[in-house]
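Asker: Here you go, this is data.txt (compact mmCIF, C-alpha atoms).
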```
# COMPACT_ATOMS: atom_id res chain seq x y z
CA MET H 764 -42.56 -65.46 -18.69
CA ALA H 765 -40.54 -62.34 -18.12
CA THR H 766 -40.28 -63.45 -14.51
CA LEU H 767 -37.59 -65.89 -15.48
CA VAL H 768 -35.15 -63.41 -16.87
CA SER H 769 -33.43 -61.56 -14.07
CA ASP H 770 -31.28 -58.48 -13.76
CA SER H 771 -28.64 -60.51 -12.01
CA LEU H 772 -27.66 -64.14 -12.57
CA ALA H 773 -25.53 -67.21 -11.69
CA LYS H 774 -21.95 -68.51 -11.17
CA LYS H 775 -19.93 -71.72 -11.20
CA ASN H 776 -20.18 -73.89 -8.10
CA ASN H 777 -23.71 -74.45 -6.85
CA ASP H 778 -22.54 -74.62 -3.27
CA LYS H 779 -21.22 -71.08 -3.70
CA ALA H 780 -24.14 -69.72 -5.71
CA SER H 781 -25.28 -66.26 -4.67
CA ALA H 782 -28.07 -64.06 -5.88
CA ASN H 783 -26.01 -61.09 -6.91
CA SER H 784 -22.57 -62.46 -6.16
CA THR H 785 -23.10 -65.51 -8.37
CA ALA H 786 -25.13 -64.38 -11.26
CA GLN H 787 -23.31 -64.01 -14.54
CA VAL H 788 -25.13 -62.65 -17.54
CA ILE H 789 -23.56 -62.39 -20.99
CA GLY H 790 -21.77 -59.04 -21.03
CA GLY H 791 -20.79 -56.78 -23.90
CA HIS H 792 -22.94 -55.81 -26.87
CA GLY H 793 -22.99 -59.10 -28.84
CA THR H 794 -25.92 -60.89 -30.41
CA ASN H 795 -26.53 -63.04 -27.32
CA SER H 796 -25.60 -60.35 -24.78
CA TYR H 797 -27.88 -59.48 -21.93
CA SER H 798 -27.87 -55.82 -22.91
CA ASN H 799 -29.40 -56.76 -26.28
CA ASN H 800 -31.80 -59.36 -24.89
CA SER H 801 -33.43 -57.83 -21.84
CA SER H 802 -36.45 -56.02 -23.23
CA TYR H 803 -38.82 -58.34 -21.33
CA GLN H 804 -37.35 -57.17 -18.03
CA ARG H 805 -37.74 -53.51 -18.90
CA LEU H 806 -41.37 -54.00 -19.90
CA SER H 807 -42.02 -55.82 -16.61
CA VAL H 808 -40.53 -52.96 -14.62
CA ASN H 809 -42.41 -50.34 -16.63
CA ILE H 810 -45.77 -51.61 -15.42
CA VAL H 811 -44.90 -50.72 -11.81
CA THR H 812 -43.47 -47.23 -12.48
CA LYS H 813 -46.74 -45.46 -11.63
CA LYS H 814 -47.12 -47.54 -8.48
CA ILE H 815 -43.59 -46.62 -7.42
CA GLU H 816 -44.39 -42.95 -7.99
CA ASP H 817 -47.56 -43.20 -5.90
CA ALA H 818 -45.68 -44.88 -3.06
CA ILE H 819 -42.82 -42.36 -3.03
CA MET H 820 -45.18 -39.38 -3.21
CA LYS H 821 -47.16 -40.78 -0.29
CA ASN H 822 -44.51 -42.34 1.96
CA LEU H 823 -41.09 -40.75 1.39
CA ASP H 824 -40.47 -37.73 3.64
CA VAL H 825 -37.79 -35.94 1.63
CA GLU H 826 -37.90 -32.85 3.85
CA THR H 827 -36.80 -34.84 6.89
CA LEU H 828 -34.25 -36.83 4.91
CA SER H 829 -32.68 -33.71 3.41
CA SER H 830 -32.35 -32.08 6.84
CA THR H 831 -29.44 -34.37 7.70
CA SER H 832 -27.59 -34.42 4.35
CA ASN H 833 -27.34 -32.39 1.16
CA ILE H 834 -26.75 -35.59 -0.82
CA PHE H 835 -29.59 -37.97 -1.70
CA ARG H 836 -28.32 -41.48 -2.47
CA VAL H 837 -30.13 -44.07 -4.56
CA ALA H 838 -28.79 -47.59 -5.10
CA ASP H 839 -29.75 -50.40 -7.47
CA PHE H 840 -28.91 -53.79 -5.93
CA GLY H 841 -28.34 -56.48 -8.55
CA CYS H 842 -28.10 -53.90 -11.35
CA GLY H 843 -26.86 -56.26 -14.07
CA VAL H 844 -25.76 -54.97 -17.48
CA GLY H 845 -27.47 -52.72 -20.01
CA SER H 846 -29.82 -49.78 -20.12
CA ASN H 847 -32.56 -51.20 -17.87
CA THR H 848 -30.88 -50.22 -14.62
CA ILE H 849 -29.96 -46.76 -15.98
CA ASN H 850 -33.55 -46.11 -17.01
CA SER H 851 -34.92 -47.36 -13.69
CA MET H 852 -32.59 -45.10 -11.71
CA GLN H 853 -33.45 -42.08 -13.82
CA ASP H 854 -37.14 -42.80 -13.36
CA LEU H 855 -36.63 -42.94 -9.58
CA LEU H 856 -34.70 -39.67 -9.55
CA GLN H 857 -37.43 -37.91 -11.52
CA ILE H 858 -40.01 -39.11 -9.01
CA VAL H 859 -37.87 -38.01 -6.05
CA LYS H 860 -37.36 -34.58 -7.63
CA LYS H 861 -41.10 -34.30 -8.11
CA LYS H 862 -41.59 -35.12 -4.44
CA TYR H 863 -39.04 -32.44 -3.43
CA ILE H 864 -40.88 -29.82 -5.47
CA SER H 865 -44.19 -30.91 -3.94
CA GLN H 866 -43.04 -31.17 -0.32
CA CYS H 867 -40.42 -28.39 -0.28
CA PRO H 868 -41.76 -25.70 -2.66
CA THR H 869 -39.80 -22.91 -0.96
CA SER H 870 -36.47 -24.69 -0.99
CA SER H 871 -33.83 -22.75 -2.93
CA GLN H 872 -32.18 -25.79 -4.47
CA MET H 873 -32.32 -29.54 -4.88
CA PRO H 874 -29.85 -31.77 -3.05
CA GLU H 875 -27.09 -33.44 -5.00
CA PHE H 876 -28.03 -36.91 -6.22
CA GLN H 877 -25.76 -39.94 -6.27
CA VAL H 878 -26.66 -43.22 -7.96
CA ILE H 879 -24.87 -46.38 -6.87
CA PHE H 880 -24.87 -49.52 -9.01
CA ASN H 881 -24.25 -52.78 -7.14
CA ASP H 882 -23.76 -56.29 -8.49
CA GLN H 883 -21.33 -59.18 -8.40
CA PHE H 884 -17.60 -58.60 -8.82
CA THR H 885 -17.68 -60.15 -12.31
CA ASN H 886 -20.48 -57.91 -13.55
CA ASP H 887 -19.62 -56.01 -16.74
CA PHE H 888 -19.69 -52.51 -15.27
CA ASN H 889 -17.68 -51.19 -18.25
CA THR H 890 -20.52 -52.04 -20.62
CA LEU H 891 -23.08 -50.78 -18.11
CA PHE H 892 -21.50 -47.34 -17.94
CA THR H 893 -21.55 -46.94 -21.73
CA TYR H 894 -25.31 -46.51 -21.36
CA LEU H 895 -25.02 -43.50 -19.04
CA PRO H 896 -26.40 -40.35 -20.70
CA GLN H 897 -23.88 -37.60 -21.41
CA ASP H 898 -26.11 -35.00 -19.78
CA LYS H 899 -26.80 -36.93 -16.55
CA GLN H 900 -27.47 -34.72 -13.54
CA TYR H 901 -26.26 -37.09 -10.85
CA LEU H 902 -23.03 -38.58 -9.53
CA VAL H 903 -22.32 -42.25 -10.25
CA ALA H 904 -20.46 -45.03 -8.45
CA SER H 905 -20.27 -48.80 -8.77
CA VAL H 906 -19.95 -50.99 -5.69
CA PRO H 907 -19.25 -54.67 -6.42
CA GLY H 908 -20.10 -57.31 -3.84
CA SER H 909 -22.90 -59.52 -2.57
CA PHE H 910 -25.99 -57.60 -1.57
CA HIS H 911 -26.52 -60.14 1.20
CA ASN H 912 -23.75 -58.26 2.99
CA GLN H 913 -23.34 -54.59 3.83
CA VAL H 914 -21.73 -52.84 0.85
CA LEU H 915 -22.38 -49.16 1.72
CA PRO H 916 -21.56 -47.01 4.79
CA LYS H 917 -23.97 -47.02 7.71
CA SER H 918 -26.93 -44.62 7.46
CA SER H 919 -25.87 -43.35 4.04
CA LEU H 920 -28.67 -44.62 1.78
CA HIS H 921 -32.06 -43.00 1.20
CA LEU H 922 -33.71 -45.09 -1.54
CA ALA H 923 -32.92 -48.64 -2.67
CA HIS H 924 -34.11 -50.52 -5.74
CA CYS H 925 -33.90 -54.26 -6.36
CA SER H 926 -35.45 -55.69 -9.52
CA TYR H 927 -35.44 -59.39 -10.41
CA SER H 928 -32.46 -60.20 -8.21
CA LEU H 929 -33.72 -61.36 -4.81
CA HIS H 930 -34.97 -64.67 -6.18
CA TRP H 931 -31.38 -65.84 -6.73
CA LEU H 932 -30.19 -67.82 -3.72
CA SER H 933 -26.89 -66.91 -2.07
CA ARG H 934 -26.01 -70.60 -2.10
CA LEU H 935 -27.71 -73.88 -2.78
CA PRO H 936 -28.63 -76.01 0.23
CA LYS H 937 -26.04 -78.77 0.46
CA GLU H 938 -28.73 -81.39 1.12
CA LEU H 939 -29.75 -81.08 -2.55
CA ARG H 940 -26.55 -82.93 -3.44
CA ASP H 941 -26.44 -85.28 -0.45
CA GLU H 942 -27.44 -88.80 -1.49
CA ARG H 943 -28.46 -89.55 2.09
CA SER H 944 -30.84 -86.59 2.31
CA PRO H 945 -34.59 -86.71 1.49
CA ALA H 946 -33.91 -83.45 -0.38
CA TRP H 947 -31.38 -85.03 -2.76
CA ASN H 948 -32.53 -83.70 -6.11
CA LYS H 949 -31.19 -86.47 -8.34
CA GLY H 950 -31.94 -86.09 -12.04
CA LYS H 951 -33.59 -82.69 -11.59
CA ILE H 952 -32.24 -79.14 -11.66
CA HIS H 953 -34.94 -77.26 -9.72
CA TYR H 954 -37.64 -77.74 -7.11
CA THR H 955 -40.32 -77.80 -9.84
CA SER H 956 -41.95 -81.28 -9.72
CA ALA H 957 -39.45 -82.33 -7.03
CA PRO H 958 -40.28 -83.86 -3.62
CA PRO H 959 -41.55 -81.43 -0.94
CA GLU H 960 -38.24 -81.72 0.93
CA VAL H 961 -36.51 -80.06 -2.03
CA LEU H 962 -38.99 -77.19 -2.03
CA MET H 963 -38.54 -76.76 1.71
CA ALA H 964 -34.74 -76.61 1.33
CA TYR H 965 -35.09 -73.83 -1.25
CA ALA H 966 -37.62 -71.93 0.88
CA THR H 967 -35.44 -72.16 4.00
CA GLN H 968 -32.42 -70.83 2.14
CA PHE H 969 -34.43 -67.97 0.65
CA ALA H 970 -35.72 -67.00 4.11
CA GLU H 971 -32.13 -66.79 5.36
CA ASP H 972 -31.07 -64.76 2.32
CA LEU H 973 -33.97 -62.33 2.67
CA ASP H 974 -33.11 -61.75 6.31
CA ASN H 975 -29.47 -61.07 5.42
CA PHE H 976 -30.49 -58.70 2.61
CA LEU H 977 -32.83 -56.74 4.89
CA SER H 978 -30.31 -56.61 7.74
CA ALA H 979 -27.63 -55.27 5.39
CA ARG H 980 -29.96 -52.63 3.97
CA GLY H 981 -31.09 -51.80 7.49
CA ARG H 982 -27.53 -50.88 8.43
CA GLU H 983 -27.00 -48.82 5.27
CA MET H 984 -30.31 -47.00 5.19
CA VAL H 985 -31.38 -43.92 7.11
CA SER H 986 -34.58 -44.01 9.12
CA GLY H 987 -37.48 -43.29 6.80
CA GLY H 988 -35.62 -44.54 3.73
CA MET H 989 -37.38 -46.91 1.35
CA ILE H 990 -36.72 -50.08 -0.65
CA VAL H 991 -38.49 -50.79 -3.95
CA ILE H 992 -38.60 -54.52 -4.71
CA VAL H 993 -39.79 -56.08 -7.98
CA GLY H 994 -39.26 -59.76 -8.64
CA SER H 995 -40.40 -63.30 -9.25
CA SER H 996 -43.21 -64.69 -7.13
CA ILE H 997 -46.17 -67.03 -7.22
CA PRO H 998 -49.51 -67.11 -5.38
CA ASP H 999 -49.43 -68.82 -2.00
CA GLY H 1000 -49.95 -72.56 -2.34
CA MET H 1001 -49.60 -72.74 -6.13
CA PRO H 1002 -47.19 -75.43 -7.45
CA TYR H 1003 -44.41 -74.01 -9.60
CA SER H 1004 -45.22 -76.63 -12.24
CA GLN H 1005 -48.29 -74.56 -13.16
CA VAL H 1006 -46.26 -71.64 -14.54
CA VAL H 1007 -44.14 -71.30 -17.68
CA ASN H 1008 -40.85 -71.02 -15.83
CA GLY H 1009 -41.48 -74.23 -13.93
CA ILE H 1010 -42.28 -76.15 -17.10
CA MET H 1011 -39.16 -74.71 -18.70
CA PHE H 1012 -36.95 -75.87 -15.82
CA ASP H 1013 -38.45 -79.34 -16.11
CA CYS H 1014 -37.69 -79.30 -19.84
CA MET H 1015 -34.12 -78.21 -19.18
CA GLY H 1016 -33.66 -81.07 -16.74
CA SER H 1017 -35.10 -83.55 -19.23
CA ILE H 1018 -32.81 -82.27 -22.00
CA LEU H 1019 -29.77 -82.57 -19.77
CA MET H 1020 -30.65 -86.17 -18.91
CA ASP H 1021 -31.03 -86.90 -22.64
CA MET H 1022 -27.57 -85.42 -23.14
CA VAL H 1023 -26.27 -87.82 -20.48
CA LYS H 1024 -27.53 -90.71 -22.61
CA THR H 1025 -25.68 -89.41 -25.66
CA GLY H 1026 -22.48 -88.86 -23.67
CA SER H 1027 -22.43 -85.07 -24.04
CA ILE H 1028 -22.34 -84.62 -20.27
CA SER H 1029 -22.10 -86.88 -17.23
CA GLU H 1030 -24.96 -87.87 -14.95
CA ALA H 1031 -22.88 -86.79 -11.97
CA ASP H 1032 -22.74 -83.26 -13.41
CA VAL H 1033 -26.53 -83.16 -13.69
CA ASP H 1034 -27.02 -84.50 -10.16
CA ALA H 1035 -24.64 -81.82 -8.84
CA PHE H 1036 -26.41 -78.97 -10.64
CA ASN H 1037 -29.44 -77.06 -9.36
CA VAL H 1038 -30.78 -73.70 -10.54
CA PRO H 1039 -30.53 -71.33 -7.55
CA ILE H 1040 -33.88 -69.59 -8.15
CA TYR H 1041 -36.75 -69.39 -5.67
CA ALA H 1042 -40.00 -67.59 -6.47
CA CYS H 1043 -41.11 -66.54 -2.99
CA PRO H 1044 -44.89 -66.42 -2.39
CA PRO H 1045 -46.13 -63.18 -0.78
CA GLY H 1046 -47.05 -64.91 2.49
CA GLU H 1047 -43.48 -66.09 3.02
CA PHE H 1048 -42.14 -62.67 2.02
CA ILE H 1049 -44.35 -60.92 4.56
CA GLU H 1050 -43.30 -63.37 7.27
CA GLY H 1051 -39.64 -62.73 6.46
CA VAL H 1052 -39.97 -58.95 6.61
CA GLU H 1053 -41.90 -59.08 9.87
CA ARG H 1054 -39.44 -61.55 11.40
CA ASN H 1055 -36.52 -59.28 10.48
CA GLY H 1056 -38.26 -56.32 12.09
CA LEU H 1057 -36.27 -53.45 10.54
CA PHE H 1058 -38.79 -52.44 7.87
CA SER H 1059 -42.50 -51.82 7.61
CA ILE H 1060 -44.40 -52.98 4.53
CA GLU H 1061 -46.03 -49.99 2.86
CA VAL H 1062 -47.16 -51.79 -0.30
CA ILE H 1063 -47.21 -55.42 -1.40
CA GLU H 1064 -49.08 -57.05 -4.26
CA LEU H 1065 -48.82 -59.63 -7.00
CA MET H 1066 -49.02 -58.54 -10.62
CA ASN H 1067 -48.93 -59.95 -14.13
CA PRO H 1068 -45.31 -59.37 -15.22
CA ALA H 1069 -46.13 -59.55 -18.92
CA PRO H 1070 -49.65 -58.28 -19.68
CA TRP H 1071 -48.53 -57.31 -23.19
CA LEU H 1072 -47.84 -60.95 -24.10
CA LYS H 1073 -51.01 -62.02 -25.85
CA GLY H 1074 -51.46 -64.92 -28.23
CA PRO H 1075 -48.75 -67.41 -29.23
CA ILE H 1076 -45.40 -67.25 -27.46
CA ASP H 1077 -42.41 -66.50 -29.69
CA ILE H 1078 -40.34 -69.42 -28.39
CA PRO H 1079 -37.02 -68.55 -30.12
CA VAL H 1080 -37.14 -64.98 -28.78
CA PHE H 1081 -38.11 -66.18 -25.31
CA VAL H 1082 -35.25 -68.70 -25.20
CA LYS H 1083 -32.82 -66.04 -26.44
CA HIS H 1084 -33.74 -63.86 -23.46
CA VAL H 1085 -33.37 -66.84 -21.15
CA ARG H 1086 -29.98 -67.71 -22.58
CA ALA H 1087 -28.68 -64.15 -22.24
CA ALA H 1088 -29.54 -64.24 -18.56
CA MET H 1089 -28.60 -67.82 -17.70
CA GLU H 1090 -25.87 -69.05 -20.02
CA GLY H 1091 -23.08 -68.17 -17.60
CA MET H 1092 -24.59 -70.39 -14.93
CA PHE H 1093 -24.70 -73.40 -17.25
CA SER H 1094 -21.37 -72.82 -19.00
CA ASN H 1095 -19.56 -72.62 -15.68
CA HIS H 1096 -20.81 -76.09 -14.75
CA PHE H 1097 -21.15 -78.04 -18.00
CA PRO H 1098 -18.73 -78.36 -20.96
CA SER H 1099 -18.89 -75.27 -23.14
CA LYS H 1100 -19.62 -77.34 -26.25
CA SER H 1101 -22.85 -78.59 -24.66
CA ILE H 1102 -24.43 -75.14 -24.18
CA ASP H 1103 -25.57 -74.65 -27.77
CA GLU H 1104 -27.05 -78.15 -27.70
CA LEU H 1105 -28.99 -77.40 -24.52
CA PHE H 1106 -30.58 -74.17 -25.75
CA ASP H 1107 -31.20 -75.45 -29.29
CA HIS H 1108 -33.09 -78.42 -27.85
CA LEU H 1109 -34.94 -76.11 -25.45
CA VAL H 1110 -36.38 -74.18 -28.41
CA LEU H 1111 -37.58 -77.43 -29.97
CA LYS H 1112 -38.98 -78.88 -26.75
CA LEU H 1113 -40.87 -75.74 -25.78
CA SER H 1114 -42.20 -75.37 -29.33
CA ASP H 1115 -43.64 -78.89 -29.09
CA ILE H 1116 -45.62 -77.93 -25.97
CA SER H 1117 -46.45 -74.36 -26.94
CA GLN H 1118 -50.19 -74.89 -26.36
CA GLN H 1119 -49.48 -76.10 -22.83
CA LEU H 1120 -47.40 -72.99 -22.20
CA GLU H 1121 -50.22 -70.80 -23.50
CA SER H 1122 -52.59 -72.26 -20.92
CA CYS H 1123 -50.25 -71.69 -17.96
CA TYR H 1124 -51.11 -69.34 -15.11
CA ARG H 1125 -49.58 -65.87 -15.69
CA ASP H 1126 -51.33 -63.23 -13.64
CA GLY H 1127 -49.74 -63.10 -10.18
CA LEU H 1128 -46.11 -63.92 -10.91
CA GLN H 1129 -44.48 -60.57 -10.16
CA LEU H 1130 -44.07 -59.34 -6.60
CA PHE H 1131 -44.14 -55.59 -6.07
CA ALA H 1132 -43.26 -54.35 -2.60
CA ILE H 1133 -42.33 -51.07 -0.94
CA LEU H 1134 -40.55 -51.31 2.41
CA LYS H 1135 -39.78 -48.40 4.75
CA ARG H 1136 -36.93 -48.30 7.27
CA LYS H 1137 -38.27 -47.95 10.78
```
Please express what this file holds, its structure, as C-alpha cells.
Answerer:
Amino acid sequence: MATLVSDSLAKKNNDKASANSTAQVIGGHGTNSYSNNSSYQRLSVNIVTKKIEDAIMKNLDVETLSSTSNIFRVADFGCGVGSNTINSMQDLLQIVKKKYISQCPTSSQMPEFQVIFNDQFTNDFNTLFTYLPQDKQYLVASVPGSFHNQVLPKSSLHLAHCSYSLHWLSRLPKELRDERSPAWNKGKIHYTSAPPEVLMAYATQFAEDLDNFLSARGREMVSGGMIVIVGSSIPDGMPYSQVVNGIMFDCMGSILMDMVKTGSISEADVDAFNVPIYACPPGEFIEGVERNGLFSIEVIELMNPAPWLKGPIDIPVFVKHVRAAMEGMFSNHFPSKSIDELFDHLVLKLSDISQQLESCYRDGLQLFAILKRK
C-alpha cells in the first residue's frame, strides 16, 4: 500500500502531466500536508537501506571518482517535501563515507560533499529546507525542473537517488482522451481494469520517460557513478487489479462517476482525467535500461514495500497519506469543493471492502535497482 504514495506527485492538465515536473503534494506543515503524512514512504525506503549499503560498498569505486574531483555530489531526483529526502541523503552520505574509509584508509581527508535536491518548480523547497539539520556536514542546493531533462552540468554527478518518483508519467498519452482511439479511457481514471490498449499506452509512455531519465542522468553522471532507484512495480504479467492500489483507483473512478450523477462534477471532466501512474514490471524496466545502453544493472529485485503492515488496514490513515500525496492532482482538475467529497467517500468505500484489500497481493510491489554508469 505504501507503493501508492510517492515522493513526487501530479499537476493540472493531464496532457502536460510529468513525473517530477507535474507532481504537486500538499506543502507546508498542516494537518493534511505531505510532510506530516509520509511515514509510509520512509518505512518503505528504510527496508532497502542495508541493500543500498551493500551495493555501494561493493560497486562504487570512490578512489577513482575522487581522483578527478575533491567534491562528491549526490542528488535526489523527485525529492518532494519533508524529512524523508533529508534522511535518505544523510544515509547515503554515511555509507559513502564508510566506503571512503574502507577503500582509502591512508587518505588525509574526505572530499567535500554536496547534496542536490531536485523536483518540480512548484515544489515547496522552503518547507523542505526547514528539515535540514543545523550541524549538517555537506553543502546544499536545490535544482527545480523535470528530471526527464538534464538539470545538472555534464559529468558532475557521482551518486543519484530516485525514490517513488519514476512511476509518474511525464505526460498522459493523448489517445486516452481521443474518442476515436481504442485506448480512449472513458469513465475510468487509470489503466486498472481498462482495455489492454489503455495499458499499452501507459507502458509505451513509461518506456519513453525511462529512456529520457536515463539519458539525462547519463549526461550528468561521471563514469562509474551510480543510481539508486526505489519505486512502484508489480510482478511481470500480474494485472494491476490484484493489488490494493489498483482497487483504490477503481474505487476513485467509481466515486467520481457517482459524483457526476449528483451534479458535483461533469462527465466530461472525468473522461478527460487519468492518473499518470505506471507501475513498471521488472522485465520492462530491464528492457528499458538495456535499450538505453548507458548503464549496467548491478542489482534489481522486487520487494514487499510494507512488511510491517500486518492485520487490518487502517483505512482513514491510509487515505490521509494518499490525499497528502495526490490532492494537488485532483484539485487542479476538479472543482475544489468536490475534493473533500471524493476522499470522504473513498474512506467509506474502501472500508466496505476492507477484507478484499486484506487478501490482495503485497509482496513484490517495490522495485529496488542499482544502476552503474558505463
Asker: Tell me which protein, DNA and RNA residues are within 10 Å of Ile1078 in chain H, counting all atoms listed in the file, leaving out same-chain ones fewer than 2 positions away, and put them as a ChimeraX atom specification.
Answerer: /H:1075-1076,1080-1084,1109-1114,1117
Asker: My list of candidates is H:Ala966, H:Leu1134, H:Leu1057, H:Ile1028. Which is closest to Ala979 in chain H when distances are computed with all atoms listed in the file?
Answerer: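 Smallest distance to Ala979 in chain H is found for H:Leu1057.
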Asker: Would you mind telling me which residue in H:Leu973, H:Val985, H:Ala1035, H:Val906 lies nearest to Ser830 in chain H when using all atoms listed in the file?
Answerer: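 Distance minimum relative to Ser830 in chain H lands on H:Val985.
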Asker: Quick one: residues within 12 Å of Leu895 in chain H, only C-alpha atoms, excluding same-chain residues fewer than 2 positions away - as a list of chain:residue names?
Answerer: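 Listing them by chain and then by number gives H:Val844, H:Gly845, H:Ser846, H:Asn847, H:Thr848, H:Ile849, H:Asn850, H:Ser851, H:Met852, H:Gln853, H:Val878, H:Phe880, H:Phe888, H:Asn889, H:Thr890, H:Leu891, H:Phe892, H:Thr893, H:Gln897, H:Asp898, H:Lys899, H:Gln900, H:Tyr901, H:Leu902, H:Val903, H:Ala904.
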Asker: Write out as a list of chain:residue names the residues lying within 7 Å of Gln968 in chain H, counting all atoms listed in the file and excluding same-chain residues fewer than 3 positions away.
Answerer: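 Counting all atoms listed in the file, the residues come to H:Leu932, H:Pro936, H:Ala964, H:Tyr965, H:Glu971, H:Asp972.
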Asker: Would you save the residues of that selection, restricted to C-alpha atoms, as an mmCIF file, in the frame of the given file?
Answerer:
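again.cif was written with the following content:
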```
data_model
loop_
_atom_site.group_PDB
_atom_site.id
_atom_site.type_symbol
_atom_site.label_atom_id
_atom_site.label_comp_id
_atom_site.auth_asym_id
_atom_site.auth_seq_id
_atom_site.Cartn_x
_atom_site.Cartn_y
_atom_site.Cartn_z
ATOM 1 C CA LEU H 932 -30.190 -67.820 -3.720
ATOM 2 C CA PRO H 936 -28.630 -76.010 0.230
ATOM 3 C CA ALA H 964 -34.740 -76.610 1.330
ATOM 4 C CA TYR H 965 -35.090 -73.830 -1.250
ATOM 5 C CA GLU H 971 -32.130 -66.790 5.360
ATOM 6 C CA ASP H 972 -31.070 -64.760 2.320
#
```
Asker: Looking at only C-alpha atoms, which of H:Val991, H:Met1089, H:Leu828, H:Val1038 is the one that sits closest to Ser926 in chain H?
Answerer: H:Val991
Asker: Find the spatial neighbours of Thr967 in chain H, counting all atoms listed in the file, within a cut-off of 12 Å - ignore same-chain residues fewer than 3 positions away - and output them as a list in words.
Answerer: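 Those residues are Leu932, Ser933, Arg934, Leu935, Pro936, Glu938, Glu960, Val961, Leu962, Met963, Ala964, Ala970, Glu971, Asp972, Leu973, Asp974, Tyr1041, Cys1043, Glu1047, Phe1048 and Gly1051 of chain H.
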Asker: Taking (-26.4, -38.3, 2.7) in the file's coordinates as the center, which residues reach within 9 Å of it, counting all atoms listed in the file, put as an MDAnalysis selection string?
Answerer: chainID H and resid 828:829 831:836 918:921 985
Asker: Show me, as a VMD selection string, the residues that have an atom within 12 Å of Asn809 in chain H when counting all atoms listed in the file, minus same-chain residues fewer than 4 positions from it.
Answerer: chain H and resid 802 to 805 813 to 816 847 to 848 850 to 851 854 to 855 926 993 1067 to 1071 1131
Asker: Measure the distance from CA of Gly950 in chain H to CA of Val1085 in chain H in Å and round it to one decimal.
Answerer: 21.3 Å
Asker: Record the distance separating CA of Ala1132 in chain H and CA of Gly994 in chain H, expressed in Å with one decimal.
Answerer: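 Interatomic distance here is 9.0 Å.
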Asker: Between CA of Arg1136 in chain H and CA of Gly1000 in chain H, what is the distance, to one decimal in Å?
Answerer: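 Going from CA of Arg1136 in chain H over to CA of Gly1000 in chain H, I get 29.2 Å.
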Asker: Check which residues of range 863-979 of chain H sit at most 12 Å from range 1091-1102 of chain H using all atoms listed in the file, and return one row each with the closest pair of atoms and their distance in Å to one decimal, ordered by chain and rising number, as JSON lines.
Answerer:
```
{"residue": "H:Thr885", "atom": "CA", "partner": "H:Gly1091", "partner_atom": "CA", "distance": 11.0}
{"residue": "H:Asn886", "atom": "CA", "partner": "H:Gly1091", "partner_atom": "CA", "distance": 11.3}
{"residue": "H:Trp931", "atom": "CA", "partner": "H:Met1092", "partner_atom": "CA", "distance": 11.6}
{"residue": "H:Ile952", "atom": "CA", "partner": "H:Phe1093", "partner_atom": "CA", "distance": 11.0}
```
